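Enquirer: PDB, C-alpha atoms, file upload-v4.pdb:
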ATOM      1  CA  MET F  14      40.699  31.881  32.225
ATOM      2  CA  ALA F  15      38.342  29.169  31.017
ATOM      3  CA  THR F  16      39.397  27.351  27.890
ATOM      4  CA  LYS F  17      37.002  25.664  25.571
ATOM      5  CA  LYS F  18      37.912  22.316  24.288
ATOM      6  CA  ALA F  19      37.826  22.172  20.556
ATOM      7  CA  ALA F  20      34.883  20.026  19.633
ATOM      8  CA  LYS F  21      36.129  17.445  17.220
ATOM      9  CA  LYS F  22      33.577  16.456  14.670
ATOM     10  CA  SER F  23      34.013  12.920  13.582
ATOM     11  CA  THR F  24      33.576  12.971   9.870
ATOM     12  CA  LYS F  25      33.581   9.543   8.413
ATOM     13  CA  LYS F  26      33.933   9.547   4.723
ATOM     14  CA  THR F  27      31.494   7.182   3.148
ATOM     15  CA  SER F  28      31.766   6.255  -0.418
ATOM     16  CA  SER F  29      29.160   7.944  -2.523
ATOM     17  CA  LYS F  30      28.764   4.875  -4.685
ATOM     18  CA  LYS F  31      25.311   3.462  -4.341
ATOM     19  CA  THR F  32      24.879  -0.245  -4.469
ATOM     20  CA  SER F  33      21.863  -0.722  -6.622
ATOM     21  CA  ALA F  34      20.212  -3.941  -7.546
ATOM     22  CA  LYS F  35      21.129  -5.203 -10.966
ATOM     23  CA  LYS F  36      18.676  -4.136 -13.589
ATOM     24  CA  SER F  37      18.097  -6.331 -16.530
ATOM     25  CA  SER F  38      19.429  -4.292 -19.394
ATOM     26  CA  SER F  39      16.336  -2.276 -20.243
ATOM     27  CA  THR F  40      14.088  -5.256 -20.834
ATOM     28  CA  ARG F  41      10.478  -4.939 -19.848
ATOM     29  CA  LYS F  42       8.632  -7.574 -17.874
ATOM     30  CA  TYR F  43       5.294  -6.511 -19.307
ATOM     31  CA  SER F  44       4.573  -5.189 -22.785
ATOM     32  CA  PRO F  45       2.863  -1.796 -23.016
ATOM     33  CA  SER F  46      -0.153  -3.433 -24.653
ATOM     34  CA  ALA F  47      -0.487  -5.769 -21.640
ATOM     35  CA  GLY F  48      -0.701  -2.666 -19.464
ATOM     36  CA  LYS F  49      -3.520  -1.391 -21.663
ATOM     37  CA  ASP F  50      -5.398  -4.665 -21.115
ATOM     38  CA  VAL F  51      -5.080  -4.301 -17.342
ATOM     39  CA  GLU F  52      -6.159  -0.667 -17.591
ATOM     40  CA  ARG F  53      -9.268  -1.660 -19.579
ATOM     41  CA  GLU F  54     -10.238  -4.312 -17.010
ATOM     42  CA  MET F  55      -9.736  -1.877 -14.117
ATOM     43  CA  LYS F  56     -12.015   0.633 -15.818
ATOM     44  CA  ALA F  57     -14.678  -2.047 -16.322
ATOM     45  CA  MET F  58     -14.390  -3.050 -12.656
ATOM     46  CA  LYS F  59     -14.865   0.549 -11.502
ATOM     47  CA  GLN F  60     -17.948   0.853 -13.702
ATOM     48  CA  GLY F  61     -19.310  -2.374 -12.214
ATOM     49  CA  LYS F  62     -19.264  -4.241 -15.531
ATOM     50  CA  LEU F  63     -16.432  -6.704 -14.870
ATOM     51  CA  LYS F  64     -17.655 -10.250 -14.250
ATOM     52  CA  SER F  65     -15.598 -13.264 -13.250
ATOM     53  CA  GLY F  66     -15.449 -16.703 -14.824
ATOM     54  CA  ARG F  67     -18.316 -19.156 -14.946
ATOM     55  CA  SER F  68     -20.372 -17.793 -12.090
ATOM     56  CA  GLY F  69     -20.505 -14.321 -13.596
ATOM     57  CA  LYS F  70     -20.225 -12.661 -10.191
ATOM     58  CA  LYS F  71     -19.316  -8.990 -10.155
ATOM     59  CA  VAL F  72     -15.608  -8.337  -9.474
ATOM     60  CA  THR F  73     -15.008  -5.799  -6.694
ATOM     61  CA  SER F  74     -11.356  -6.549  -5.882
ATOM     62  CA  ARG F  75      -8.599  -4.483  -7.470
ATOM     63  CA  LYS F  76      -6.207  -7.452  -7.393
ATOM     64  CA  GLN F  77      -8.725  -9.679  -9.119
ATOM     65  CA  ALA F  78      -9.254  -7.091 -11.862
ATOM     66  CA  ILE F  79      -5.491  -6.928 -12.468
ATOM     67  CA  ALA F  80      -5.284 -10.727 -12.578
ATOM     68  CA  ILE F  81      -8.072 -10.866 -15.155
ATOM     69  CA  GLY F  82      -6.330  -8.231 -17.289
ATOM     70  CA  LEU F  83      -3.023 -10.119 -17.199
ATOM     71  CA  SER F  84      -4.777 -13.387 -17.993
ATOM     72  CA  GLU F  85      -6.399 -11.811 -21.063
ATOM     73  CA  ALA F  86      -3.004 -10.485 -22.160
ATOM     74  CA  ARG F  87      -1.468 -13.967 -21.820
ATOM     75  CA  LYS F  88      -4.257 -15.487 -23.923
ATOM     76  CA  GLU F  89      -3.570 -12.919 -26.658
ATOM     77  CA  GLY F  90       0.134 -13.857 -26.617
ATOM     78  CA  LYS F  91       1.450 -10.554 -25.255
ATOM     79  CA  LYS F  92       4.683 -10.325 -23.276
ATOM     80  CA  VAL F  93       3.683 -11.139 -19.709
ATOM     81  CA  PRO F  94       5.558 -13.329 -17.191
ATOM     82  CA  PRO F  95       3.901 -16.678 -16.478
ATOM     83  CA  ALA F  96       1.349 -16.852 -13.697
ATOM     84  CA  PRO F  97       2.776 -17.867 -10.304
ATOM     85  CA  LYS F  98       2.523 -21.585  -9.552
ATOM     86  CA  LYS F  99       0.900 -22.733  -6.330
TER      87      LYS F  99
END
Could you spell out this file's structure in structure tokens?

Expert:
Amino acid sequence: MATKKAAKKSTKKTSSKKTSAKKSSSTRKYSPSAGKDVEREMKAMKQGKLKSGRSGKKVTSRKQAIAIGLSEARKEGKKVPPAPKK
């Protein structure tokens, strides 16, 4: 008579508590109106109307369009973190 060994399942109990990164208590980094500025600049870039600085070259980079939108928001005094320092 062949006997089967009872297969023991190792069940490790892990705590269901998730360690999440601390959120700043519901404070926004960017104001909603700053987002609108970025959105407007992105739309202009897609239409081919967004020009950069002095040279007036056409902007084709998504990142550059976002940077221009954030810069405009900063000039208008909207809530936007300071630009990164080099």

Enquirer: Record the distance separating atom CA of Glu52 of chain F and atom CA of Lys64 of chain F, expressed in Å with one decimal.

Expert: 15.3 Å

Enquirer: State, in Å with one decimal place, the distance from atom CA of Pro95 of chain F to atom CA of Leu83 of chain F.

Expert: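 Those two atoms sit 9.6 Å apart.
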
Enquirer: Could you expand the PyMOL selection byres ((chain F and resi 79) around 10) into the explicit residues it covers here, written as a tab-separated table (two decimals) with C-alpha atoms, in the frame of the given file?

Expert:
chain	number	residue	atom	x	y	z
F	48	GLY	CA	-0.70	-2.67	-19.46
F	50	ASP	CA	-5.40	-4.66	-21.12
F	51	VAL	CA	-5.08	-4.30	-17.34
F	52	GLU	CA	-6.16	-0.67	-17.59
F	53	ARG	CA	-9.27	-1.66	-19.58
F	54	GLU	CA	-10.24	-4.31	-17.01
F	55	MET	CA	-9.74	-1.88	-14.12
F	58	MET	CA	-14.39	-3.05	-12.66
F	74	SER	CA	-11.36	-6.55	-5.88
F	75	ARG	CA	-8.60	-4.48	-7.47
F	76	LYS	CA	-6.21	-7.45	-7.39
F	77	GLN	CA	-8.72	-9.68	-9.12
F	78	ALA	CA	-9.25	-7.09	-11.86
F	80	ALA	CA	-5.28	-10.73	-12.58
F	81	ILE	CA	-8.07	-10.87	-15.16
F	82	GLY	CA	-6.33	-8.23	-17.29
F	83	LEU	CA	-3.02	-10.12	-17.20
F	84	SER	CA	-4.78	-13.39	-17.99
F	85	GLU	CA	-6.40	-11.81	-21.06

Enquirer: Between atom CA of Gly66 of chain F and atom CA of Ala86 of chain F, what distance in Å does the model show, to one decimal?

Expert: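 Between atom CA of Gly66 of chain F and atom CA of Ala86 of chain F the gap works out to 15.7 Å.
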
Enquirer: So that I can check the surroundings of Pro45 of chain F, please list as a CSV table (one decimal) with C-alpha atoms, in the frame of the given file every protein, DNA and RNA residue that reaches within 10 Å of it, counting all atoms listed in the file and ignoring chain neighbours fewer than 6 positions away.

Expert:
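That gives us part_13.csv:
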chain,number,residue,atom,x,y,z
F,91,LYS,CA,1.4,-10.6,-25.3
F,92,LYS,CA,4.7,-10.3,-23.3
F,93,VAL,CA,3.7,-11.1,-19.7
